[in-house]
>>> print(open('coords_36.cif').read())   # mmCIF, C-alpha atoms, pLDDT in the B column; chains and numbers go by the auth columns
data_final
loop_
_atom_site.group_PDB
_atom_site.id
_atom_site.type_symbol
_atom_site.label_atom_id
_atom_site.label_comp_id
_atom_site.label_asym_id
_atom_site.label_seq_id
_atom_site.Cartn_x
_atom_site.Cartn_y
_atom_site.Cartn_z
_atom_site.B_iso_or_equiv
_atom_site.auth_seq_id
_atom_site.auth_asym_id
ATOM 1 C CA MET A 1 116.829 102.171 71.558 75.00 1202 A
ATOM 2 C CA VAL A 2 118.942 104.361 73.817 77.00 1203 A
ATOM 3 C CA GLN A 3 117.287 107.621 74.784 93.00 1204 A
ATOM 4 C CA THR A 4 119.057 110.818 75.673 97.00 1205 A
ATOM 5 C CA ALA A 5 118.317 112.549 78.961 98.00 1206 A
ATOM 6 C CA LYS A 6 116.302 115.179 77.071 98.00 1207 A
ATOM 7 C CA GLU A 7 114.241 112.468 75.332 97.00 1208 A
ATOM 8 C CA ARG A 8 113.529 110.766 78.661 98.00 1209 A
ATOM 9 C CA TYR A 9 112.523 114.129 80.146 98.00 1210 A
ATOM 10 C CA GLU A 10 110.120 114.787 77.263 97.00 1211 A
ATOM 11 C CA ALA A 11 108.718 111.247 77.553 97.00 1212 A
ATOM 12 C CA TRP A 12 107.906 111.787 81.238 98.00 1213 A
ATOM 13 C CA LEU A 13 106.269 115.142 80.475 97.00 1214 A
ATOM 14 C CA ASN A 14 104.072 113.544 77.813 97.00 1215 A
ATOM 15 C CA ASP A 15 103.259 110.276 79.595 97.00 1216 A
ATOM 16 C CA PRO A 16 99.612 110.211 80.765 98.00 1217 A
ATOM 17 C CA ALA A 17 100.603 107.826 83.590 97.00 1218 A
ATOM 18 C CA ILE A 18 102.804 110.473 85.246 98.00 1219 A
ATOM 19 C CA ASP A 19 100.894 112.460 87.878 98.00 1220 A
ATOM 20 C CA SER A 20 100.328 116.209 87.601 97.00 1221 A
ATOM 21 C CA ALA A 21 102.510 117.131 90.597 98.00 1222 A
ATOM 22 C CA THR A 22 105.485 115.362 89.024 98.00 1223 A
ATOM 23 C CA LYS A 23 104.812 117.053 85.691 98.00 1224 A
ATOM 24 C CA GLU A 24 104.695 120.435 87.464 98.00 1225 A
ATOM 25 C CA GLU A 25 108.083 119.717 89.056 98.00 1226 A
ATOM 26 C CA LEU A 26 109.485 118.794 85.647 98.00 1227 A
ATOM 27 C CA ALA A 27 107.986 121.876 84.005 98.00 1228 A
ATOM 28 C CA GLY A 28 109.868 123.917 86.592 98.00 1229 A
ATOM 29 C CA ILE A 29 113.206 122.735 85.198 98.00 1230 A
ATOM 30 C CA ALA A 30 112.346 123.341 81.530 98.00 1231 A
ATOM 31 C CA GLY A 31 115.334 124.864 79.769 97.00 1232 A
ATOM 32 C CA ASN A 32 117.758 123.862 82.544 98.00 1233 A
ATOM 33 C CA ASP A 33 119.770 121.334 80.553 98.00 1234 A
ATOM 34 C CA LYS A 34 122.162 120.592 83.423 98.00 1235 A
ATOM 35 C CA GLU A 35 119.295 119.684 85.783 98.00 1236 A
ATOM 36 C CA ILE A 36 117.500 117.632 83.103 98.00 1237 A
ATOM 37 C CA GLU A 37 120.732 115.756 82.379 98.00 1238 A
ATOM 38 C CA ASP A 38 121.298 115.003 86.081 98.00 1239 A
ATOM 39 C CA ARG A 39 117.743 113.743 86.597 98.00 1240 A
ATOM 40 C CA PHE A 40 117.504 111.622 83.439 98.00 1241 A
ATOM 41 C CA TYR A 41 120.978 110.528 82.297 97.00 1242 A
ATOM 42 C CA ARG A 42 120.546 107.068 83.833 96.00 1243 A
ATOM 43 C CA ASP A 43 118.192 104.874 85.820 95.00 1244 A
ATOM 44 C CA LEU A 44 118.601 104.925 89.592 94.00 1245 A
ATOM 45 C CA GLU A 45 120.481 101.759 90.488 90.00 1246 A
ATOM 46 C CA PHE A 46 119.546 99.213 93.132 84.00 1247 A
ATOM 47 C CA GLY A 47 122.692 98.527 95.149 86.00 1248 A
ATOM 48 C CA THR A 48 123.716 96.700 98.294 88.00 1249 A
ATOM 49 C CA GLY A 49 121.979 99.391 100.362 88.00 1250 A
ATOM 50 C CA GLY A 50 118.801 99.184 98.288 87.00 1251 A
ATOM 51 C CA LEU A 51 117.598 102.195 96.338 91.00 1252 A
ATOM 52 C CA ARG A 52 119.340 105.362 97.443 93.00 1253 A
ATOM 53 C CA GLY A 53 119.271 108.721 95.820 93.00 1254 A
ATOM 54 C CA VAL A 54 117.963 112.240 95.815 96.00 1255 A
ATOM 55 C CA MET A 55 114.171 112.415 96.026 97.00 1256 A
ATOM 56 C CA GLY A 56 112.454 114.061 93.086 98.00 1257 A
ATOM 57 C CA ALA A 57 111.157 113.576 89.571 98.00 1258 A
ATOM 58 C CA GLY A 58 113.315 111.710 87.075 98.00 1259 A
ATOM 59 C CA THR A 59 114.796 108.324 86.302 97.00 1260 A
ATOM 60 C CA ASN A 60 117.872 109.116 88.427 97.00 1261 A
ATOM 61 C CA ARG A 61 115.788 110.179 91.422 97.00 1262 A
ATOM 62 C CA LEU A 62 113.928 108.336 94.156 97.00 1263 A
ATOM 63 C CA ASN A 63 110.193 108.612 93.494 97.00 1264 A
ATOM 64 C CA ALA A 64 107.063 106.473 93.167 97.00 1265 A
ATOM 65 C CA TYR A 65 107.972 105.513 89.593 97.00 1266 A
ATOM 66 C CA THR A 66 111.542 104.348 90.267 96.00 1267 A
ATOM 67 C CA VAL A 67 110.441 102.473 93.404 94.00 1268 A
ATOM 68 C CA GLY A 68 107.608 100.882 91.400 95.00 1269 A
ATOM 69 C CA LYS A 69 110.023 99.818 88.671 93.00 1270 A
ATOM 70 C CA ALA A 70 112.367 98.213 91.217 91.00 1271 A
ATOM 71 C CA THR A 71 109.435 96.514 92.948 91.00 1272 A
ATOM 72 C CA GLN A 72 108.165 95.129 89.651 93.00 1273 A
ATOM 73 C CA GLY A 73 111.636 93.840 88.832 89.00 1274 A
ATOM 74 C CA LEU A 74 111.885 92.089 92.189 87.00 1275 A
ATOM 75 C CA ALA A 75 108.427 90.551 91.752 93.00 1276 A
ATOM 76 C CA ALA A 76 109.353 89.270 88.291 95.00 1277 A
ATOM 77 C CA TRP A 77 112.602 87.786 89.630 90.00 1278 A
ATOM 78 C CA THR A 78 111.016 85.865 92.517 80.00 1279 A
#
>>> encode(input="coords_36.cif", output="structure tokens")
Amino acid sequence: MVQTAKERYEAWLNDPAIDSATKEELAGIAGNDKEIEDRFYRDLEFGTGGLRGVMGAGTNRLNAYTVGKATQGLAAWT
């Protein structure tokens, strides 16, 4: 199932595993569709330089959750 950026944003806001500071950051962009789209339109990609991106909350940002996801993927691969 493909989620829209808005659906991913809502999922992060409602996920009990997401910390309160991250949720506060996300609450601060409520109603800003352009910012929500930029933060959640895709997953941050691991490239030849590793994970690179803007730090912040969202699937297209560098944060504890995207680093954890990449780390888990590497652990599963090895």
>>> resolve_selection(input="coords_36.cif", expression="the PyMOL selection byres ((chain A and resi 1260) around 9)", output="MDAnalysis selection string")
chainID A and resid 1209:1210 1240:1245 1258:1259 1261:1264 1266:1267
>>> atom_distance(input="coords_36.cif", atom1="atom CA of Asp1220 of chain A", atom2="atom CA of Gly1269 of chain A")
13.8 Å
>>> closest_residue(input="coords_36.cif", among="A:Met1256, A:Leu1275, A:Ala1206, A:Val1268", to="Glu1226 of chain A", atoms="all atoms listed in the file")
A:Met1256
>>> atom_distance(input="coords_36.cif", atom1="atom CA of Gln1273 of chain A", atom2="atom CA of Ala1222 of chain A")
22.7 Å
>>> atom_distance(input="coords_36.cif", atom1="atom CA of Ala1265 of chain A", atom2="atom CA of Thr1223 of chain A")
9.9 Å
>>> axis_aligned_box(input="coords_36.cif", around="segment 1225-1233 of chain A", padding_each_side="6 Å", output="JSON")
{"center_x": 111.2, "center_y": 121.8, "center_z": 84.4, "size_x": 25.1, "size_y": 18.1, "size_z": 21.3}
